[in-house]
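Since the structure comes first, as structure tokens, the remarks are kept for the end.
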Amino acid sequence: MNRMQAMIFENTGGPLRLKVRVTRKWPVFQKCYLWACITFGIVTVLPLFHYMSRWEEFGDIQEEDLIRLSNLDLEEGMTYSGNIIKSVLDSRAYTSTVLDNGLRVLVISDPLTSLSAASCDVKVGSFQDPPDIPGLAHLLEHGVFLGDSEHSEANTFEQFLAEHSGHSNAFTSQENTNYYYKISPDKLEDSLQRFTSLLSSPLLQLDVLQREYHAIQSEFLKDKLESARQVWRLVKHLANSDHPFHRLSPGNLDTLQNLKNSSVIREFHSKYYFAENMKCVVYGREDPQDLLEMSRKHFQKITNKKSRSEPDQQTGSILAYPSENLGVWVDYQLLREGSTLDIMWPITGNSRCGLGAAMHVLSERHPRSVLALLKKQGLATSLSWSIVISTSSFTLVKVNVQLTKVGGEKSADVAKLIFRQIEVMKVATTSAVKSWLVAVHQESLQGFVNYQTPEVHHFTKTLSSRMSRILHPAYYLGAPTQTTSSYCLFQAIHELSPNNSIMLFGSSDSGRVYRNTETWYGIPYTVTKLDVGDLENMLSTSTESKLFILPPPAARAKIPRTFPLFGRDLEQDYWPTKVHDDRGLTVWWQQDFTFHIPKIDMVLWIYGQYEHYTPRDTALHYLLAEMIRDQIQDLIQPPGHSVQIYYQTSSGLILTLTGYSDHEQISKTLRDLVGVLTRLDMSQISRFEHVVKYKAHRDLARSDYAEAYKHPLYKSRVLLEKNVAPLDQIMAELEKITQESFGMFYNKFWGNVGCRVLVYGNVLKSMAQWYGLLLRPVTQRTSTSERKVDPPFHPTLQYPQGTYYTITHYPNSKETASVADLTIILGPTPWNSDKIEPGQDLFTRTVLARVAATILSEPAFIELRTRQQLGYSVFTKYVPHFGVDYIHMCVQGSEHSAQEIATSVLQFLKDYRSVLTTQLSTDSSPHWNRVLSSVRRDILVKPSSQAALARELASELFSPDSEPDRADMLVAALDNVSPKMLLRFYDEYILGSKSRRIVSLAQSGSREWNMESFAKKFQYLDLNNKTELVPPFLYWHFTYLGLEMGK
């Protein structure tokens, strides 16, 4: 008798064919044959395994056949919604169908959602680019949003979304292009009409597209600055030159110049953008049938080809990595300080079926894991396994090791240890393998049943991408199939060998000499083909390597899959309840009734007796955070549970703990965490010197300029706060700190410490009280006489109102990039009551700041990015940060100087004032009402996950001036604002001198600064001899040139 075991349907682009794994019962002669194989060491058992469990292939099938064949026995915690397998905790309704034009659509009905969303995945990517125009698929992704037959002006869709609390994005991968957006629920149908029109009939005018060449060029130049992109580019560069993976898939200005007329990109669009080649998801409040009718009405306009075209053969017969390209060691110049080792394996064929399980097992944490041994020897700070990409022709697997200075000198030994771990798995016992596979399957089921979806637009993006790979609708939500077979796991593990790998060692050591240069990024590198002796040495069992033979993990107990959902506690209020307050430890408790998932999220703020003002204090606090982070990594955290440092404050750190509502496991995790916090292990001198101290120094020294736009808020805070130590002094003090001096600081810190905790989620009051008792050792060493009542919270603003200009420069960078960042500091938030000036209505000012940021966001993007092409990153937003209200505007690019960008940004703000006067002529202006509705939704909207909601609530709760009804207060203030009030706010704060405005200009590369011209334009005041007035940005390593203080 045959038994269907699992069904996963991969879309290879050809006719739909069903593959079903069938398991046969063993006849007696086969059992005897297996006994003989085991007894006499016969190794030809693979045909038997193939017979026992194989894929049976059927011909073309229909949708109803798929549904009929999918009636599998569901695991505990799973149920059906239509033809979709979902978690029993998921209250949404799902329906999937194929429209008359061949387009597959999945609709999701969620009556409680605050936002709707849609996504479309097109089965075309960089692999389909013409060989002479790399980047064409990426350019088409940009071009789709630049107008269509119904709306000819560029960015009208973005403008429409911005007016209705929406946002869109897209990405191009090797074989897919994905478009997704979110929108106010009442505008979902209008957005679908616009969205489908863009997909089916984009204008694709060459003169408009050519503006996007510069945006793509800016992305290309930005990527050149990112260390993570270096290894990715090198791996692509080392691929077969005839394979599309070798090409510069995003394209740049040079590759796109080969596009001479728009007919080429229109033909490309016509060839691939047809109904059967698309998978779409629609998420809304409407019931499933209404959503289906809505989808059918609009997606039906996307035409289908009369005859299905043959799939592309570009990757079919060409190996991405032939044998001569494997078994190599690559040395390359790393942009960032430090050294890193990446080992990659391109896996093809049936060996890929067990890769997911293999990655899971190799990432296992236990006291003799590879990472634990590497850290013990002072060789590495982190190690991670991942599947980098998975295409129809191959899958790329990677292990990344962040090395210490000592590890960089012994990179070959580190690689050897990793291969030894893999060898141990190859000879593992049958019971160990079964233990691994059962654990992997149970953890997958646990994660699926208790999964909390991300924001709606990211959720739809993920689903549409998955639909393009998996043909069977039952598995669209990622429901795990039955346990991976041992045969699949062994196949995958045996592929992870030295002779099938590419080993890449990156070092920032400037003294190295390299023989080659990569074509596009200019990365210096040297490739060495390892001979048979070198490869065998990787697997040798020398005396040293025997020390690192890893035992297989023991069989685990059954992992719980479902957890109870508690009802509302009678003592629960709408604001967190204080359940413990003693000896510096304060614990609040709040049940969650937003997400209804069996999870607990805890936020812990641990603060010392003073803020670190001196360079030595700052360095000691950095070491403290790094030491705790390092030892937290050693905790064996069960699936679904994690402890991490979320944020480092100026006097301590904020930790987060998340896990399932497993009271016993949460208690154990808290005990382990308290042990890390209160009993520092200083016994391993090499680990302190080579791992902890080295990592703290490296993180301070690295200048992650490629993502500079992520840091300016912190930079502005540092510029405004007094007594912040200069970076070079911090790093000098860091070098002086010894193990003994750090131990003395550690004892002093914990001798007077406070701790504030929020316990949030599916948790009862009695449980929260118990968790408070478990945390008491954190503060028990603090004496009552030295107790610090309140933590430091509010920044001290050191400059008067006015405009300040800062200039930073990376003159030694190989590439050129520019940033102009405008941070408008309005003043204290309404809840920072001790800072409020008499007569100020801070609630009104705060909501006006939100309105102004909302109004400016999309016009700034259209003008500065689309029209002027100043940069690849342009955004404007309102941010409350550490008790201060900000409006933050940032442009980062590469083809213009920072001065030019800053001039354009400031000029835009001046010019847009007249536009506002026209748009906001009356209180009943449609534009005004749309903006107010958008701001109101933003104020009332909850974070997209329980963990994010807990962090937001904790930030309000830990403030000395916390209020339980902030949103209601802001909405009440919003109802009383008018266009005249906004225009006055714009004049006084955005254009005027009532705020503190910091214009930060930053630039890397050899481009010269026209300082004289800049000084005349901005009345620049040279303060080179007074640089101590402005503390440098802690996370950037730059040369400070000056500051202008003007009114």
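Chains: A, B, ... in order of the structure tokens. Residues: from 1 per chain. Ligands: from 1, in order shown.
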Tell me, which residues of region 96-259 of chain A carry DSSP alpha helix (DSSP H), written as a ChimeraX atom specification?
/A:136-143,156-162,188-200,206-224,227-237,253-256
Pick out the residues sitting within 6 Å of Leu822 (chain A), and hand them over as a ChimeraX atom specification; count only C-alpha atoms, and ignore anything fewer than 3 positions along from it in its own chain.
/A:889,998-999
Keeping N, CA and C atoms for every residue in the selection just given, could you write it to a file as a compact mmCIF listing (two decimals), in the first residue's frame?
# COMPACT_ATOMS: atom_id res chain seq x y z
N MET A 889 14.74 65.20 8.09
CA MET A 889 14.74 65.16 6.63
C MET A 889 16.15 64.82 6.18
N ILE A 998 19.77 71.69 12.76
CA ILE A 998 21.12 71.21 12.49
C ILE A 998 21.15 70.71 11.05
N VAL A 999 21.95 71.34 10.23
CA VAL A 999 22.16 70.90 8.85
C VAL A 999 23.51 70.19 8.82
Pick out the closest residue to Ala948 (chain A) from this set: A:Val264, A:Met602, A:Met359, A:Leu198. Count only C-alpha atoms.
A:Met602
Residue neighbourhood region 89-105 of chain A, 8 Å, only C-alpha atoms, exclusion window fewer than 5 positions, as a list in words
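Counting only C-alpha atoms, the residues come to Gly77, Ser81, Gly82, Asn83, Ile84, Asp110, Ala275, Glu276, Asn277, Met278, Lys279, Cys280, Val281, Val282, Pro288, Ser295, Arg296, Phe299, Gln300, Ile302, Thr303, Asn304, Val449, Asn450, Pro473, His596 and Ile597 of chain A.
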In Å, rounded to a single decimal, give me how far CA of Gly407 (chain A) is from CA of Gly533 (chain A).
22.9 Å
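Each of A:Ala479, A:Leu734, A:Met744, A:Ala852 was checked against Leu916 (chain A) using only C-alpha atoms; the smallest atom-to-atom distance is that of A:Ala852.
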List the neighbours of Ile523 (chain A) out to 9 Å using only C-alpha atoms; skip same-chain residues closer than 5 positions along the sequence, and give me the result as a ChimeraX atom specification.
/A:230,233-234,332-334,516-518
So that I can check the surroundings of region 140-143 of chain A, please list as a compact mmCIF listing (two decimals) with N, CA, C and O atoms, in the first residue's frame every protein, DNA and RNA residue that reaches within 8 Å of it, counting only C-alpha atoms and ignoring chain neighbours fewer than 3 positions away.
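selection.txt written:
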# COMPACT_ATOMS: atom_id res chain seq x y z
N LEU A 136 18.25 45.37 -16.78
CA LEU A 136 17.02 45.76 -17.46
C LEU A 136 15.78 45.43 -16.61
O LEU A 136 14.85 46.25 -16.53
N ALA A 137 15.75 44.27 -15.98
CA ALA A 137 14.61 43.91 -15.12
C ALA A 137 14.50 44.89 -13.96
O ALA A 137 13.39 45.28 -13.56
N LEU A 146 6.40 54.89 -13.03
CA LEU A 146 6.59 56.20 -13.65
C LEU A 146 5.48 56.54 -14.65
O LEU A 146 5.73 57.13 -15.69
N GLY A 147 4.27 56.18 -14.31
CA GLY A 147 3.13 56.56 -15.14
C GLY A 147 2.62 55.42 -15.99
O GLY A 147 3.36 54.51 -16.36
N ALA A 170 9.32 47.93 -3.99
CA ALA A 170 9.48 46.82 -4.94
C ALA A 170 10.91 46.33 -4.87
O ALA A 170 11.80 47.03 -4.38
N PHE A 171 11.14 45.11 -5.34
CA PHE A 171 12.50 44.59 -5.41
C PHE A 171 12.60 43.62 -6.58
O PHE A 171 11.61 43.04 -7.02
N THR A 172 13.82 43.49 -7.09
CA THR A 172 14.10 42.56 -8.18
C THR A 172 15.14 41.56 -7.70
O THR A 172 16.22 41.94 -7.25
N THR A 177 10.33 39.58 -9.69
CA THR A 177 10.18 41.00 -9.38
C THR A 177 8.91 41.16 -8.58
O THR A 177 7.85 40.66 -8.99
N PRO A 202 2.32 50.22 -18.34
CA PRO A 202 3.21 51.33 -17.99
C PRO A 202 3.64 52.07 -19.25
O PRO A 202 3.76 51.47 -20.32
N LEU A 204 6.64 53.71 -19.89
CA LEU A 204 8.02 53.33 -20.23
C LEU A 204 8.60 54.23 -21.32
O LEU A 204 9.13 53.78 -22.34
N LEU A 209 12.62 57.27 -18.25
CA LEU A 209 13.44 56.17 -17.72
C LEU A 209 14.87 56.60 -17.49
O LEU A 209 15.53 56.15 -16.54
N GLU A 212 15.86 57.60 -14.19
CA GLU A 212 16.06 56.52 -13.23
C GLU A 212 17.44 55.88 -13.35
O GLU A 212 17.87 55.18 -12.46
N ILE A 265 12.70 47.69 -23.81
CA ILE A 265 12.12 47.45 -22.49
C ILE A 265 10.63 47.16 -22.60
O ILE A 265 10.06 46.40 -21.80
N HIS A 269 8.80 43.85 -21.20
CA HIS A 269 7.59 43.88 -20.40
C HIS A 269 6.52 43.00 -21.01
O HIS A 269 5.84 42.21 -20.32
Hey, can you check how far CA of His697 (chain A) sits from CA of Glu733 (chain A)?
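One can read the CA of His697 (chain A) to CA of Glu733 (chain A) distance as 10.4 Å.
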Tell me, as a ChimeraX atom specification, which residues lie within 8 Å of His641 (chain A), counting only C-alpha atoms; anything in the same chain fewer than 6 positions away does not count.
/A:657-660
Just the residues within 12 Å of region 367-375 of chain A, please, counting only C-alpha atoms, with nothing from its chain fewer than 3 positions along; format it as a ChimeraX atom specification.
/A:361-364,378-385,399-404,406-408,410-411,413-422,424,545,547-553,630-636,684-692,694-695
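Considering only C-alpha atoms, the residue among A:Pro615, A:Pro859, A:Pro880, A:Gly754 positioned nearest to Gln729 (chain A) is A:Pro615.
Picture a line from CA of Asn155 (chain A) to CA of Arg867 (chain A); it runs 10.4 Å.
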From the options A:Leu192, A:Leu115, A:Leu477, A:Val819, which residue's atoms come nearest to Val941 (chain A), counting only C-alpha atoms?
A:Leu115
When you count only C-alpha atoms, which of these residues is closest to Glu175 (chain A): A:Asp207, A:Glu409, A:Glu153, A:Asp121?
A:Asp121
